[in-house]
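J.: Please find one structure pasted underneath; my questions will follow.
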Protein chains: 2
Amino acid sequence: MSSPGGQDKTPGFYCPIPIQQYQTVLLAHGGGGRLTHELIEKLFVPTFGSTALETRHDGAVFELSGQKLAFTTDSYVVRPIFFPGGDIGSLAVNGTVNDLAMCGAWPLYLSAGFILEEGLPMETLWRVVRSMKDAAEAAGVELVTGDTKVVDRGKGDGIFINTAGIGIIGHDQTISPASVRPGDVLLLSGDIGRHGIAIMAAREGLAFESEIRSDCAALGSIVAGLFRENLAIHCLRDLTRGGLASALVEIAEAGRLHIRIDETAIPVREDVRGACEILGFDPLYVANEGRFIAFAEPQDAERALAVLREHPLGRDARIIGYTTAAPPGIVTLKSRIGATRIVDMISGEQLPRIC
Amino acid sequence: MSSPGGQDKTPGFYCPIPIQQYQTVLLAHGGGGRLTHELIEKLFVPTFGSTALETRHDGAVFELSGQKLAFTTDSYVVRPIFFPGGDIGSLAVNGTVNDLAMCGAWPLYLSAGFILEEGLPMETLWRVVRSMKDAAEAAGVELVTGDTKVVDRGKGDGIFINTAGIGIIGHDQTISPASVRPGDVLLLSGDIGRHGIAIMAAREGLAFESEIRSDCAALGSIVAGLFRENLAIHCLRDLTRGGLASALVEIAEAGRLHIRIDETAIPVREDVRGACEILGFDPLYVANEGRFIAFAEPQDAERALAVLREHPLGRDARIIGYTTAAPPGIVTLKSRIGATRIVDMISGEQLPRIC
């Protein structure tokens with residue numbers, strides 16, 4: 001077999017990632033940006049070869065006995081474990097609930113897999129588990145199955161949690177980057193950048209005038225509102241690792257469309273903007289855990305906006321852009337000063353272990 | 001709230017695990033024995049309060065739109081990553097497939113969540129992913145959704161994998177410890193102890209005369225054979241962490257039954273028995289990854305045995321015991337020399353990070 005990238009150490013061995021360039025896993029491979037994308041595109045998708053994986057969605061959608069289901073997983077390695085507005089437990093519940101919601105599903109059941117480091121205070125585990133329970137109750141999901149592994153001291157980092165989730169899809173719409181059409185209107189559910197800044201502040205012991213709390217929240221009910229009103233929604237995406245920018249670029253590439261956004265329409269709280277300036281971050285790339293975008297058919301966009309604004313998690317929802325056919329695979333931003341620039345995925349790692 | 005065990009450091013804080021005794025997580029909390037059991041019974045089950053969790057099953061079983069489904073999860077932290085007969089990738093697929101099979105389900109879809117340590121050779125990841133693909137193909141399941149996180153160097157251990165799985169249940173039997181009845185016949189699908197000894201040998205660089213390979217395999221098709229023949233099966237359990245002994249004690253306790261087994265009926269290969277003697281292990285407690293027990297109604301036991309023996313993974317299947325009503329919650333073993341002793345769960349940690 002020819003090897004454009006990999007080194008053939010073992011006879012017949014072929015690695016699709018150009019490992020001359022990346023012989024080892026880098027932090028950025030988990031950052032949600034260009035390198036994560038490359039790992040998925042070059043290693044996971046071609047190997048597993050699943051059509052569900054190929055849709056580049058937040059989860060898999062399939063039919064069982066005539067019922068459309070969504071299935072998704074995420075591992076959570078956030079540091080610190082506890083931060084303003086949440087902790088690894090609430091994040092592990094809300095993050096997976098949100099991935100199901102972004103498939104257009106109603107979240108129902110979660111699994112929880114714990115990887116604990118020997119020496120973790122039992123009290124810490126207890127606080128995290130309690131927080132998961134509270135988050136599950138708030139989101140209306142049930143934790144039905146689980147697993148616990150313990151690794152020796154120095155081989156883990158206190159606690160990692162994986163959750164997987166199952167939801168049911170009760171409508172006929174296909175929610176996917178491939179469903180987005182030229183002319184679709186892009187809605188954003190609220191202000192961006194709070195989760196990343198809250199984590200960063202907690203990690204570095206930074207104190208801002210007002211405490212910036214993570215936006216960590218479950219999006220099941222706000223999304224359900226859109227489907228309850230029978231609005232034509234083509235794609236949904238929560239703005240986690242890599243932030244708004246990476247989500248948009250992924251959808252533009254997967255949907256082969258051009259997305260145009262207006263910077264002045266994107267809400268960023270003043271304290272978050274200030275913190276970003278101090279830390280050298282662009283809010284477009286900062287992770288959120290309770291914000292999402294929706295691509296709606298133009299005639300339904302205003303009603304969709306109204307539905308979002310009626311929900312406590314969508315009070316600041318805005319229309320921030322629209323799609324056109326060409327040039328495909330590109331996101332452009334009209335800046336505050338009126339200039340237009342191309343928005344790319346983050347290529348390195350802005351902020352490791354954000355979720 | 002009174003606190004029989006926990007220390008109240010935070011107002012209103014109550015920890016159900018007696019943390020005077022275990023203030024921190026120990027390796028044994030992940031060993032599948034008494035401490036794992038305590039963590040589940042005292043911390044997870046009462047907090048999450050799910051009826052599915054309360055069945056003490058390998059997975060959750062529920063109905064969606066009239067279709068009975070099984071849902072399960074496991075994280076895999078085995079060391080070394082590659083061992084004779086398997087690797088962390090094949091284990092992560094087969095382990096979760098087997099948990100579904102033990103629910104009486106036909107495994108269909110898996111998720112995969114990777115937690116990678118910065119610096120992991122890309123080639124190692126590639127080998128593991130390829131192995132997962134091969135194992136999924138062999139088991140007839142599809143990997144449909146995934147996630148990758150990277151933790152900084154020194155905060156992980158190369159690679160951890162979580163898989164969750166969904167299967168469908170196409171029969172009317174309730175497979176659960178609560179379904180076991182006095183008089184049920186206990187079948188074992190083959191010889192025990194190979195996985196644990198293979199891992200131990202690989203870890204310690206031990207060489208036995210013959211290489212002992214892990215029994216790691218997918219049990220979906222052998223279990224399906226039992227249901228295809230409409231045999232009355234009451235409970236199934238694979239013999240992973242804690243081995244045959246811990247599985248039996250768990251079922252005896254959850255089903256409130258007495259289980260009697262005959263040591264001479266339990267197949268253990270000579271090389272495995274020899275290795276166990278050298279290492280000071282009891283084969284009853286050594287982990288397996290391709291062996292299971294089945295509790296069958298007496299009139300179906302011989303046919304069940306025949307079905308198991310027709311399958312390549314069940315050639316050495318045996319009837320090893322039976323259940324009685326009293327004394328409940330106890331497992332007794334008639335030893336080679338004819339003495340009877342009580343079999344308990346392992347309380348400490350025989351072999352950490354076996355799966």
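Here, A, B, ... name the chains of the structure tokens in the order displayed, residue numbers run from 1 inside each chain, and ligands are numbered from 1 in the same displayed order.
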Extract, using only C-alpha atoms, all DNA, RNA and protein residues at most 8 Å from Asp99 in chain B, discarding same-chain residues fewer than 4 positions from it, and format them as a ChimeraX atom specification.
T.: /B:58-59,72,95,103,237-238
J.: Residues as selected, N, CA and C atoms, written as a compact mmCIF listing (two decimals), in the first residue's frame, can you do that?
T.:
# COMPACT_ATOMS: atom_id res chain seq x y z
N ASP B 58 -25.84 -5.51 33.65
CA ASP B 58 -24.71 -5.03 32.87
C ASP B 58 -25.09 -3.83 32.02
N GLY B 59 -26.37 -3.54 31.91
CA GLY B 59 -26.82 -2.41 31.12
C GLY B 59 -28.25 -2.09 31.49
N THR B 72 -25.71 0.42 27.32
CA THR B 72 -24.66 0.16 28.32
C THR B 72 -23.42 0.97 28.01
N GLY B 95 -16.02 -5.73 24.96
CA GLY B 95 -16.54 -5.58 26.31
C GLY B 95 -17.94 -5.00 26.31
N CYS B 103 -27.51 -8.51 28.46
CA CYS B 103 -28.88 -8.02 28.67
C CYS B 103 -29.87 -8.81 27.80
N ARG B 237 -24.38 -13.35 32.49
CA ARG B 237 -23.38 -12.42 33.02
C ARG B 237 -22.01 -12.78 32.49
N ASP B 238 -21.29 -11.78 31.95
CA ASP B 238 -19.92 -12.08 31.53
C ASP B 238 -18.99 -11.92 32.73
J.: I want to know what sits within 8 Å of range 292-295 of chain B, based on only C-alpha atoms, with residues of the same chain fewer than 4 positions away left out; could you give that as a list in words?
T.: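 The residues that qualify are Val180, Asp184, Val185, Leu186, Leu187, Leu188, Ser189, Gly190, Ile233, His234, Cys235, Leu236, Arg237, Asp238 and Leu239 of chain B.
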J.: Choose the residue, out of B:Arg181, B:Arg256, B:Arg194, B:Arg241, that has the smallest atom-to-atom separation from chain A; count only C-alpha atoms.
T.: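 Distance minimum relative to chain A lands on B:Arg241.
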J.: Mind checking DSSP for range 34-69 of chain A and telling me the strand (DSSP E) residues as a PDB file with N, CA, C and O atoms, in the first residue's frame?
T.:
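File written: states38.pdb
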ATOM      1  N   ALA A  60     -25.120  10.478  16.034  1.00  0.00           N
ATOM      2  CA  ALA A  60     -25.610   9.609  14.962  1.00  0.00           C
ATOM      3  C   ALA A  60     -27.127   9.568  15.020  1.00  0.00           C
ATOM      4  O   ALA A  60     -27.717   9.586  16.092  1.00  0.00           O
ATOM      5  N   VAL A  61     -27.756   9.531  13.855  1.00  0.00           N
ATOM      6  CA  VAL A  61     -29.215   9.406  13.779  1.00  0.00           C
ATOM      7  C   VAL A  61     -29.527   8.140  12.996  1.00  0.00           C
ATOM      8  O   VAL A  61     -28.943   7.915  11.923  1.00  0.00           O
ATOM      9  N   PHE A  62     -30.365   7.280  13.544  1.00  0.00           N
ATOM     10  CA  PHE A  62     -30.758   6.056  12.840  1.00  0.00           C
ATOM     11  C   PHE A  62     -32.162   5.664  13.263  1.00  0.00           C
ATOM     12  O   PHE A  62     -32.705   6.206  14.233  1.00  0.00           O
ATOM     13  N   GLU A  63     -32.738   4.728  12.528  1.00  0.00           N
ATOM     14  CA  GLU A  63     -34.094   4.297  12.820  1.00  0.00           C
ATOM     15  C   GLU A  63     -34.067   2.894  13.404  1.00  0.00           C
ATOM     16  O   GLU A  63     -33.347   2.027  12.921  1.00  0.00           O
ATOM     17  N   LEU A  64     -34.823   2.682  14.465  1.00  0.00           N
ATOM     18  CA  LEU A  64     -34.984   1.343  15.046  1.00  0.00           C
ATOM     19  C   LEU A  64     -36.470   1.077  15.169  1.00  0.00           C
ATOM     20  O   LEU A  64     -37.176   1.820  15.853  1.00  0.00           O
ATOM     21  N   GLN A  67     -38.730   4.028  14.699  1.00  0.00           N
ATOM     22  CA  GLN A  67     -38.533   5.229  15.527  1.00  0.00           C
ATOM     23  C   GLN A  67     -37.162   5.820  15.244  1.00  0.00           C
ATOM     24  O   GLN A  67     -36.155   5.123  15.376  1.00  0.00           O
ATOM     25  N   LYS A  68     -37.121   7.102  14.864  1.00  0.00           N
ATOM     26  CA  LYS A  68     -35.836   7.763  14.649  1.00  0.00           C
ATOM     27  C   LYS A  68     -35.201   8.087  15.997  1.00  0.00           C
ATOM     28  O   LYS A  68     -35.825   8.712  16.855  1.00  0.00           O
ATOM     29  N   LEU A  69     -33.941   7.664  16.173  1.00  0.00           N
ATOM     30  CA  LEU A  69     -33.216   7.913  17.419  1.00  0.00           C
ATOM     31  C   LEU A  69     -31.939   8.682  17.133  1.00  0.00           C
ATOM     32  O   LEU A  69     -31.372   8.595  16.039  1.00  0.00           O
TER      33      LEU A  69
END
J.: Got a sec to tell me which of range 163-339 of chain B DSSP assigns to helix (DSSP H, G or I), as a ChimeraX atom specification?
T.: /B:177-179,194-204,220-228,243-255,263-265,270-279,283-285,298-310,312-314
J.: Find the nearest atom pair between each residue of chain A and chain B for residues within 6 Å, count only C-alpha atoms, give distances in Å to one decimal, sort rows by chain and ascending number, and present the table as JSON lines.
T.:
{"residue": "A:Gln23", "atom": "CA", "partner": "B:Met122", "partner_atom": "CA", "distance": 5.4}
{"residue": "A:Thr24", "atom": "CA", "partner": "B:Pro121", "partner_atom": "CA", "distance": 4.2}
{"residue": "A:Val25", "atom": "CA", "partner": "B:Gly119", "partner_atom": "CA", "distance": 5.1}
{"residue": "A:Leu26", "atom": "CA", "partner": "B:Glu118", "partner_atom": "CA", "distance": 5.1}
{"residue": "A:Leu27", "atom": "CA", "partner": "B:Val150", "partner_atom": "CA", "distance": 5.4}
{"residue": "A:Gly30", "atom": "CA", "partner": "B:Lys149", "partner_atom": "CA", "distance": 4.6}
{"residue": "A:Phe48", "atom": "CA", "partner": "B:Lys133", "partner_atom": "CA", "distance": 5.8}
{"residue": "A:Ser50", "atom": "CA", "partner": "B:Val144", "partner_atom": "CA", "distance": 5.9}
{"residue": "A:Ala52", "atom": "CA", "partner": "B:Val144", "partner_atom": "CA", "distance": 5.5}
{"residue": "A:Leu53", "atom": "CA", "partner": "B:Val144", "partner_atom": "CA", "distance": 5.6}
{"residue": "A:Gly59", "atom": "CA", "partner": "B:Thr145", "partner_atom": "CA", "distance": 5.7}
{"residue": "A:Ala60", "atom": "CA", "partner": "B:Thr145", "partner_atom": "CA", "distance": 5.6}
{"residue": "A:Thr72", "atom": "CA", "partner": "B:Thr145", "partner_atom": "CA", "distance": 5.9}
{"residue": "A:Thr73", "atom": "CA", "partner": "B:Gly146", "partner_atom": "CA", "distance": 6.0}
{"residue": "A:Asp74", "atom": "CA", "partner": "B:Asp147", "partner_atom": "CA", "distance": 5.4}
{"residue": "A:Ser75", "atom": "CA", "partner": "B:Gly113", "partner_atom": "CA", "distance": 6.0}
{"residue": "A:Gly113", "atom": "CA", "partner": "B:Ser75", "partner_atom": "CA", "distance": 6.0}
{"residue": "A:Glu118", "atom": "CA", "partner": "B:Leu26", "partner_atom": "CA", "distance": 5.1}
{"residue": "A:Gly119", "atom": "CA", "partner": "B:Thr24", "partner_atom": "CA", "distance": 4.9}
{"residue": "A:Leu120", "atom": "CA", "partner": "B:Val25", "partner_atom": "CA", "distance": 5.2}
{"residue": "A:Pro121", "atom": "CA", "partner": "B:Thr24", "partner_atom": "CA", "distance": 4.2}
{"residue": "A:Met122", "atom": "CA", "partner": "B:Thr24", "partner_atom": "CA", "distance": 4.7}
{"residue": "A:Lys133", "atom": "CA", "partner": "B:Phe48", "partner_atom": "CA", "distance": 5.8}
{"residue": "A:Val144", "atom": "CA", "partner": "B:Ala52", "partner_atom": "CA", "distance": 5.4}
{"residue": "A:Thr145", "atom": "CA", "partner": "B:Ala60", "partner_atom": "CA", "distance": 5.6}
{"residue": "A:Gly146", "atom": "CA", "partner": "B:Thr73", "partner_atom": "CA", "distance": 5.9}
{"residue": "A:Asp147", "atom": "CA", "partner": "B:Asp74", "partner_atom": "CA", "distance": 5.4}
{"residue": "A:Thr148", "atom": "CA", "partner": "B:Gly30", "partner_atom": "CA", "distance": 5.9}
{"residue": "A:Lys149", "atom": "CA", "partner": "B:Gly30", "partner_atom": "CA", "distance": 4.6}
{"residue": "A:Val150", "atom": "CA", "partner": "B:Gly30", "partner_atom": "CA", "distance": 4.7}
{"residue": "A:Lys155", "atom": "CA", "partner": "B:Gly156", "partner_atom": "CA", "distance": 5.0}
{"residue": "A:Gly156", "atom": "CA", "partner": "B:Gly156", "partner_atom": "CA", "distance": 4.3}
{"residue": "A:Asp157", "atom": "CA", "partner": "B:Lys155", "partner_atom": "CA", "distance": 5.1}
J.: Figure out the distance between CA of Met102 in chain B and CA of Pro46 in chain B, please, to one decimal in Å.
T.: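 Taking CA of Pro46 in chain B as the start and CA of Met102 in chain B as the end point, the length is 23.8 Å.
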J.: Can you pull out the residues contacting Gly86 in chain A? Cut-off 12 Å, using only C-alpha atoms, and skip same-chain residues under 4 positions away; I want them as a PyMOL selection string.
T.: chain A and resi 78-82+90-95+127-128+131-132+134-135+194-196+198-199+202+212-218+289-290+355
J.: Any chance you could export the current selection's N, CA and C atoms as a compact mmCIF listing (two decimals), in the first residue's frame?
T.:
# COMPACT_ATOMS: atom_id res chain seq x y z
N VAL A 78 -12.44 18.59 31.76
CA VAL A 78 -12.28 20.00 32.09
C VAL A 78 -11.47 20.20 33.38
N ARG A 79 -10.66 21.22 33.40
CA ARG A 79 -9.92 21.65 34.58
C ARG A 79 -10.09 23.15 34.76
N PRO A 80 -10.39 23.66 35.96
CA PRO A 80 -10.61 22.90 37.19
C PRO A 80 -11.94 22.13 37.15
N ILE A 81 -12.08 21.18 38.08
CA ILE A 81 -13.29 20.36 38.14
C ILE A 81 -14.51 21.22 38.47
N PHE A 82 -14.33 22.19 39.35
CA PHE A 82 -15.42 23.10 39.74
C PHE A 82 -15.07 24.50 39.25
N SER A 90 -22.04 18.71 35.90
CA SER A 90 -23.13 19.36 35.16
C SER A 90 -22.76 19.48 33.68
N LEU A 91 -21.47 19.72 33.42
CA LEU A 91 -21.00 19.80 32.03
C LEU A 91 -21.21 18.47 31.31
N ALA A 92 -20.90 17.36 32.00
CA ALA A 92 -21.00 16.03 31.38
C ALA A 92 -22.45 15.69 31.04
N VAL A 93 -23.38 16.19 31.84
CA VAL A 93 -24.79 15.97 31.54
C VAL A 93 -25.25 16.92 30.43
N ASN A 94 -25.00 18.22 30.62
CA ASN A 94 -25.51 19.19 29.66
C ASN A 94 -24.86 19.06 28.29
N GLY A 95 -23.58 18.75 28.27
CA GLY A 95 -22.88 18.64 26.99
C GLY A 95 -23.49 17.56 26.10
N ARG A 127 -19.63 15.21 45.32
CA ARG A 127 -20.14 16.50 44.84
C ARG A 127 -20.43 16.45 43.34
N VAL A 128 -19.53 15.81 42.59
CA VAL A 128 -19.70 15.73 41.13
C VAL A 128 -20.94 14.89 40.79
N SER A 131 -24.03 16.79 41.46
CA SER A 131 -24.22 17.80 40.43
C SER A 131 -24.78 17.18 39.14
N MET A 132 -24.32 15.97 38.82
CA MET A 132 -24.86 15.28 37.64
C MET A 132 -26.34 14.98 37.83
N ASP A 134 -28.48 16.61 39.71
CA ASP A 134 -29.26 17.86 39.60
C ASP A 134 -29.39 18.29 38.13
N ALA A 135 -28.30 18.19 37.39
CA ALA A 135 -28.33 18.59 35.98
C ALA A 135 -29.26 17.68 35.19
N ARG A 194 -18.72 33.03 27.40
CA ARG A 194 -18.69 32.99 28.86
C ARG A 194 -18.04 31.74 29.42
N HIS A 195 -18.33 30.58 28.85
CA HIS A 195 -17.78 29.35 29.44
C HIS A 195 -16.25 29.36 29.43
N GLY A 196 -15.68 29.66 28.28
CA GLY A 196 -14.22 29.67 28.15
C GLY A 196 -13.56 30.65 29.11
N ALA A 198 -14.85 31.85 31.92
CA ALA A 198 -15.06 31.40 33.30
C ALA A 198 -14.02 30.35 33.69
N ILE A 199 -13.75 29.41 32.76
CA ILE A 199 -12.76 28.36 33.02
C ILE A 199 -11.37 28.98 33.17
N ALA A 202 -10.98 30.84 36.41
CA ALA A 202 -10.87 29.92 37.54
C ALA A 202 -9.50 29.25 37.54
N ILE A 212 -17.52 36.17 36.06
CA ILE A 212 -18.06 35.65 34.80
C ILE A 212 -18.35 34.17 35.00
N ARG A 213 -19.63 33.81 34.85
CA ARG A 213 -20.05 32.43 35.07
C ARG A 213 -20.24 31.71 33.74
N SER A 214 -19.94 30.43 33.73
CA SER A 214 -20.17 29.63 32.53
C SER A 214 -21.65 29.69 32.15
N ASP A 215 -21.91 29.60 30.85
CA ASP A 215 -23.30 29.56 30.36
C ASP A 215 -23.84 28.13 30.34
N CYS A 216 -23.09 27.19 30.93
CA CYS A 216 -23.44 25.76 30.92
C CYS A 216 -24.93 25.53 31.24
N ALA A 217 -25.65 24.95 30.29
CA ALA A 217 -27.09 24.73 30.45
C ALA A 217 -27.56 23.68 29.45
N ALA A 218 -28.71 23.10 29.72
CA ALA A 218 -29.28 22.08 28.84
C ALA A 218 -30.20 22.72 27.81
N GLU A 289 -21.11 26.59 26.49
CA GLU A 289 -21.75 25.31 26.82
C GLU A 289 -23.26 25.43 26.94
N GLY A 290 -23.80 26.58 26.51
CA GLY A 290 -25.25 26.73 26.56
C GLY A 290 -25.74 27.60 25.40
N CYS A 355 -13.54 21.42 28.26
CA CYS A 355 -14.76 20.64 28.49
C CYS A 355 -14.40 19.17 28.69
J.: Between CA of Ser221 in chain B and CA of Glu270 in chain B, what is the spacing in Å?
T.: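 Spanning CA of Glu270 in chain B to CA of Ser221 in chain B is a straight-line distance of 27.8 Å.
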